[in-house]
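*Asks:* This is the structure, below, for whatever I ask next.
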Amino acid sequence: MLLSTKEKQLLKKYNSITGIDEVGRGPLAGPVVTASYTITSKTPILSAVNDSKKLSEKKRNELYNKLISDKKSYHLGVSSNIIIDEYGIVYAKVDKSIE
């Protein structure tokens with residue numbers, strides 16, 4: 001992961017920062033999977049992480065294994081279309097955590 005200037009500044013001010021992203025088609029087509037990853041000033045920097053879409057499948061798998069090696073740094077969750085319909089995509093609670 002390459003840290004931006006803003007991320008470097010945030011890490012000087014805070015103990016950690018967390019990035020969150022989701023993938024899915026939402027309430028019309030099924031569940032949404034959300035992932036978060038927390039870094040601290042002690043997190044090893046993986047220079048190859050910048051845009052996963054530009055990486056080969058092999059490289060993505062290698063980096064994935066490195067990223068998940070610290071179980072405290074990442075979290076995955078799934079929110080079903082039923083929950084999204086009830087609460088809305090912004091406020092959808094996680095139905096199931098993926099470990």
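Chain labels run A, B, ... following the order of the structure tokens; each chain numbers its residues from 1, and ligands are numbered from 1 in the order shown.
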Could you give me the residues within stretch 10-95 of chain A that DSSP places in helix (DSSP H, G or I), as a PyMOL selection string?
*Replies:* chain A and resi 10-13+26-28+52-54+57-67+81-87
*Asks:* I need the chosen residues saved as an mmCIF file, in the first residue's frame, with N, CA, C and O atoms.
*Replies:*
data_model
loop_
_atom_site.group_PDB
_atom_site.id
_atom_site.type_symbol
_atom_site.label_atom_id
_atom_site.label_comp_id
_atom_site.auth_asym_id
_atom_site.auth_seq_id
_atom_site.Cartn_x
_atom_site.Cartn_y
_atom_site.Cartn_z
ATOM 1 N N LEU A 10 -2.294 12.072 8.562
ATOM 2 C CA LEU A 10 -3.265 11.516 9.498
ATOM 3 C C LEU A 10 -2.604 10.580 10.509
ATOM 4 O O LEU A 10 -2.951 10.584 11.689
ATOM 5 N N LEU A 11 -1.638 9.779 10.046
ATOM 6 C CA LEU A 11 -0.955 8.857 10.957
ATOM 7 C C LEU A 11 -0.093 9.594 11.983
ATOM 8 O O LEU A 11 0.173 9.063 13.051
ATOM 9 N N LYS A 12 0.322 10.804 11.676
ATOM 10 C CA LYS A 12 1.055 11.609 12.656
ATOM 11 C C LYS A 12 0.109 12.122 13.737
ATOM 12 O O LYS A 12 0.498 12.294 14.882
ATOM 13 N N LYS A 13 -1.147 12.339 13.360
ATOM 14 C CA LYS A 13 -2.136 12.904 14.278
ATOM 15 C C LYS A 13 -2.894 11.823 15.061
ATOM 16 O O LYS A 13 -3.238 12.008 16.214
ATOM 17 N N GLY A 26 -26.043 -4.274 -4.497
ATOM 18 C CA GLY A 26 -27.011 -3.659 -3.601
ATOM 19 C C GLY A 26 -28.354 -4.342 -3.562
ATOM 20 O O GLY A 26 -28.476 -5.514 -3.909
ATOM 21 N N PRO A 27 -29.380 -3.613 -3.156
ATOM 22 C CA PRO A 27 -30.670 -4.226 -2.865
ATOM 23 C C PRO A 27 -31.362 -4.850 -4.069
ATOM 24 O O PRO A 27 -32.216 -5.702 -3.904
ATOM 25 N N LEU A 28 -31.020 -4.449 -5.268
ATOM 26 C CA LEU A 28 -31.697 -5.003 -6.438
ATOM 27 C C LEU A 28 -31.178 -6.370 -6.831
ATOM 28 O O LEU A 28 -31.880 -7.149 -7.449
ATOM 29 N N SER A 52 -5.821 -2.483 -7.092
ATOM 30 C CA SER A 52 -5.892 -3.938 -7.257
ATOM 31 C C SER A 52 -6.308 -4.346 -8.667
ATOM 32 O O SER A 52 -5.977 -5.438 -9.124
ATOM 33 N N LYS A 53 -7.040 -3.480 -9.357
ATOM 34 C CA LYS A 53 -7.487 -3.819 -10.709
ATOM 35 C C LYS A 53 -6.313 -3.887 -11.696
ATOM 36 O O LYS A 53 -6.435 -4.473 -12.764
ATOM 37 N N LYS A 54 -5.199 -3.285 -11.346
ATOM 38 C CA LYS A 54 -4.028 -3.291 -12.226
ATOM 39 C C LYS A 54 -3.093 -4.469 -11.941
ATOM 40 O O LYS A 54 -2.097 -4.641 -12.623
ATOM 41 N N GLU A 57 -3.950 -11.697 -11.116
ATOM 42 C CA GLU A 57 -4.629 -12.495 -10.090
ATOM 43 C C GLU A 57 -3.615 -13.093 -9.118
ATOM 44 O O GLU A 57 -3.831 -13.108 -7.902
ATOM 45 N N LYS A 58 -2.490 -13.551 -9.637
ATOM 46 C CA LYS A 58 -1.446 -14.134 -8.791
ATOM 47 C C LYS A 58 -0.921 -13.103 -7.790
ATOM 48 O O LYS A 58 -0.785 -13.386 -6.602
ATOM 49 N N LYS A 59 -0.641 -11.891 -8.252
ATOM 50 C CA LYS A 59 -0.121 -10.843 -7.382
ATOM 51 C C LYS A 59 -1.167 -10.431 -6.342
ATOM 52 O O LYS A 59 -0.848 -10.212 -5.177
ATOM 53 N N ARG A 60 -2.437 -10.322 -6.765
ATOM 54 C CA ARG A 60 -3.511 -9.995 -5.815
ATOM 55 C C ARG A 60 -3.583 -11.034 -4.709
ATOM 56 O O ARG A 60 -3.729 -10.705 -3.532
ATOM 57 N N ASN A 61 -3.481 -12.313 -5.068
ATOM 58 C CA ASN A 61 -3.534 -13.377 -4.065
ATOM 59 C C ASN A 61 -2.354 -13.312 -3.113
ATOM 60 O O ASN A 61 -2.506 -13.523 -1.905
ATOM 61 N N GLU A 62 -1.169 -13.028 -3.621
ATOM 62 C CA GLU A 62 0.019 -12.897 -2.773
ATOM 63 C C GLU A 62 -0.164 -11.750 -1.770
ATOM 64 O O GLU A 62 0.102 -11.900 -0.576
ATOM 65 N N LEU A 63 -0.608 -10.608 -2.269
ATOM 66 C CA LEU A 63 -0.795 -9.442 -1.405
ATOM 67 C C LEU A 63 -1.928 -9.661 -0.412
ATOM 68 O O LEU A 63 -1.839 -9.258 0.750
ATOM 69 N N TYR A 64 -2.982 -10.324 -0.846
ATOM 70 C CA TYR A 64 -4.100 -10.641 0.049
ATOM 71 C C TYR A 64 -3.605 -11.427 1.254
ATOM 72 O O TYR A 64 -3.921 -11.110 2.393
ATOM 73 N N ASN A 65 -2.794 -12.452 0.994
ATOM 74 C CA ASN A 65 -2.274 -13.272 2.089
ATOM 75 C C ASN A 65 -1.402 -12.460 3.044
ATOM 76 O O ASN A 65 -1.447 -12.666 4.259
ATOM 77 N N LYS A 66 -0.640 -11.516 2.524
ATOM 78 C CA LYS A 66 0.161 -10.656 3.378
ATOM 79 C C LYS A 66 -0.732 -9.724 4.206
ATOM 80 O O LYS A 66 -0.506 -9.519 5.389
ATOM 81 N N LEU A 67 -1.752 -9.160 3.562
ATOM 82 C CA LEU A 67 -2.631 -8.217 4.250
ATOM 83 C C LEU A 67 -3.432 -8.876 5.371
ATOM 84 O O LEU A 67 -3.642 -8.276 6.419
ATOM 85 N N ASN A 81 -29.546 -8.159 0.792
ATOM 86 C CA ASN A 81 -30.471 -7.233 0.149
ATOM 87 C C ASN A 81 -31.670 -6.932 1.048
ATOM 88 O O ASN A 81 -32.232 -5.841 1.001
ATOM 89 N N ILE A 82 -32.067 -7.862 1.901
ATOM 90 C CA ILE A 82 -33.191 -7.645 2.827
ATOM 91 C C ILE A 82 -32.847 -6.539 3.824
ATOM 92 O O ILE A 82 -33.636 -5.618 4.056
ATOM 93 N N ILE A 83 -31.648 -6.594 4.386
ATOM 94 C CA ILE A 83 -31.201 -5.563 5.332
ATOM 95 C C ILE A 83 -31.047 -4.223 4.610
ATOM 96 O O ILE A 83 -31.440 -3.173 5.119
ATOM 97 N N ILE A 84 -30.489 -4.255 3.415
ATOM 98 C CA ILE A 84 -30.304 -3.015 2.648
ATOM 99 C C ILE A 84 -31.660 -2.387 2.328
ATOM 100 O O ILE A 84 -31.835 -1.175 2.454
ATOM 101 N N ASP A 85 -32.636 -3.217 1.945
ATOM 102 C CA ASP A 85 -33.981 -2.698 1.673
ATOM 103 C C ASP A 85 -34.583 -2.044 2.922
ATOM 104 O O ASP A 85 -35.241 -1.013 2.833
ATOM 105 N N GLU A 86 -34.354 -2.654 4.084
ATOM 106 C CA GLU A 86 -34.954 -2.146 5.315
ATOM 107 C C GLU A 86 -34.272 -0.879 5.828
ATOM 108 O O GLU A 86 -34.943 0.068 6.228
ATOM 109 N N TYR A 87 -32.932 -0.841 5.817
ATOM 110 C CA TYR A 87 -32.192 0.258 6.421
ATOM 111 C C TYR A 87 -31.585 1.232 5.418
ATOM 112 O O TYR A 87 -31.164 2.323 5.786
#
*Asks:* Write out as a list in words each polymer residue whose atoms come within 8 Å of A:Thr38, counting only C-alpha atoms; drop sequence neighbours fewer than 5 positions from it.
*Replies:*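 Listing them by chain and then by number gives Ser16, Ile17, Thr18, Gly19, Ser73 and Tyr74 of chain A.
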*Asks:* Determine the nearest neighbour of A:Glu22 from the options A:Lys8, A:Gly77, A:Tyr91, A:Ser41, counting only C-alpha atoms.
*Replies:* A:Gly77
*Asks:* Separation of atom CA of A:Ser80 and atom CA of A:Ser56, in Å?
*Replies:*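 So the two atoms, atom CA of A:Ser80 and atom CA of A:Ser56, lie 29.4 Å apart.
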*Asks:* Atom CA of A:Lys42 and atom CA of A:Val23, how far apart in Å?
*Replies:*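 According to the coordinates, atom CA of A:Val23 and atom CA of A:Lys42 are separated by 28.1 Å.
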*Asks:* For A:Ala35, find every residue with an atom within 7 Å (counting only C-alpha atoms), except residues of its own chain fewer than 2 positions away, and show them as an MDAnalysis selection string.
*Replies:* chainID A and resid 20:22 33 37 75:77
*Asks:* Output N, CA, C and O atoms for every residue in that selection, as a PDB file, in the first residue's frame.
*Replies:*
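Output (part-v3.pdb):
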ATOM      1  N   ILE A  20     -12.200   1.801   4.040  1.00  0.00           N
ATOM      2  CA  ILE A  20     -13.339   0.904   3.857  1.00  0.00           C
ATOM      3  C   ILE A  20     -13.766   0.949   2.391  1.00  0.00           C
ATOM      4  O   ILE A  20     -13.792   2.007   1.782  1.00  0.00           O
ATOM      5  N   ASP A  21     -14.125  -0.217   1.854  1.00  0.00           N
ATOM      6  CA  ASP A  21     -14.640  -0.275   0.490  1.00  0.00           C
ATOM      7  C   ASP A  21     -15.665  -1.387   0.415  1.00  0.00           C
ATOM      8  O   ASP A  21     -15.673  -2.305   1.237  1.00  0.00           O
ATOM      9  N   GLU A  22     -16.551  -1.288  -0.558  1.00  0.00           N
ATOM     10  CA  GLU A  22     -17.592  -2.297  -0.738  1.00  0.00           C
ATOM     11  C   GLU A  22     -17.657  -2.726  -2.189  1.00  0.00           C
ATOM     12  O   GLU A  22     -17.197  -2.026  -3.071  1.00  0.00           O
ATOM     13  N   VAL A  33     -20.683  -6.896  -0.045  1.00  0.00           N
ATOM     14  CA  VAL A  33     -19.553  -7.300   0.788  1.00  0.00           C
ATOM     15  C   VAL A  33     -18.708  -6.061   1.052  1.00  0.00           C
ATOM     16  O   VAL A  33     -18.400  -5.303   0.128  1.00  0.00           O
ATOM     17  N   TYR A  37      -9.639  -2.084   6.314  1.00  0.00           N
ATOM     18  CA  TYR A  37      -8.248  -2.379   6.662  1.00  0.00           C
ATOM     19  C   TYR A  37      -7.704  -1.206   7.449  1.00  0.00           C
ATOM     20  O   TYR A  37      -7.837  -0.058   7.036  1.00  0.00           O
ATOM     21  N   HIS A  75     -11.203  -6.549   8.330  1.00  0.00           N
ATOM     22  CA  HIS A  75     -12.504  -7.128   8.650  1.00  0.00           C
ATOM     23  C   HIS A  75     -13.326  -7.187   7.364  1.00  0.00           C
ATOM     24  O   HIS A  75     -13.282  -6.262   6.555  1.00  0.00           O
ATOM     25  N   LEU A  76     -14.045  -8.276   7.199  1.00  0.00           N
ATOM     26  CA  LEU A  76     -14.945  -8.448   6.061  1.00  0.00           C
ATOM     27  C   LEU A  76     -16.352  -8.668   6.594  1.00  0.00           C
ATOM     28  O   LEU A  76     -16.529  -9.314   7.622  1.00  0.00           O
ATOM     29  N   GLY A  77     -17.345  -8.136   5.891  1.00  0.00           N
ATOM     30  CA  GLY A  77     -18.725  -8.351   6.301  1.00  0.00           C
ATOM     31  C   GLY A  77     -19.643  -8.395   5.108  1.00  0.00           C
ATOM     32  O   GLY A  77     -19.316  -7.910   4.027  1.00  0.00           O
TER      33      GLY A  77
END
*Asks:* When distances are computed from only C-alpha atoms, which of A:Val32, A:Asp51, A:Thr5, A:Lys72 shows the smallest separation from A:Ile89?
*Replies:*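 Closest to A:Ile89, using only C-alpha atoms: A:Val32.
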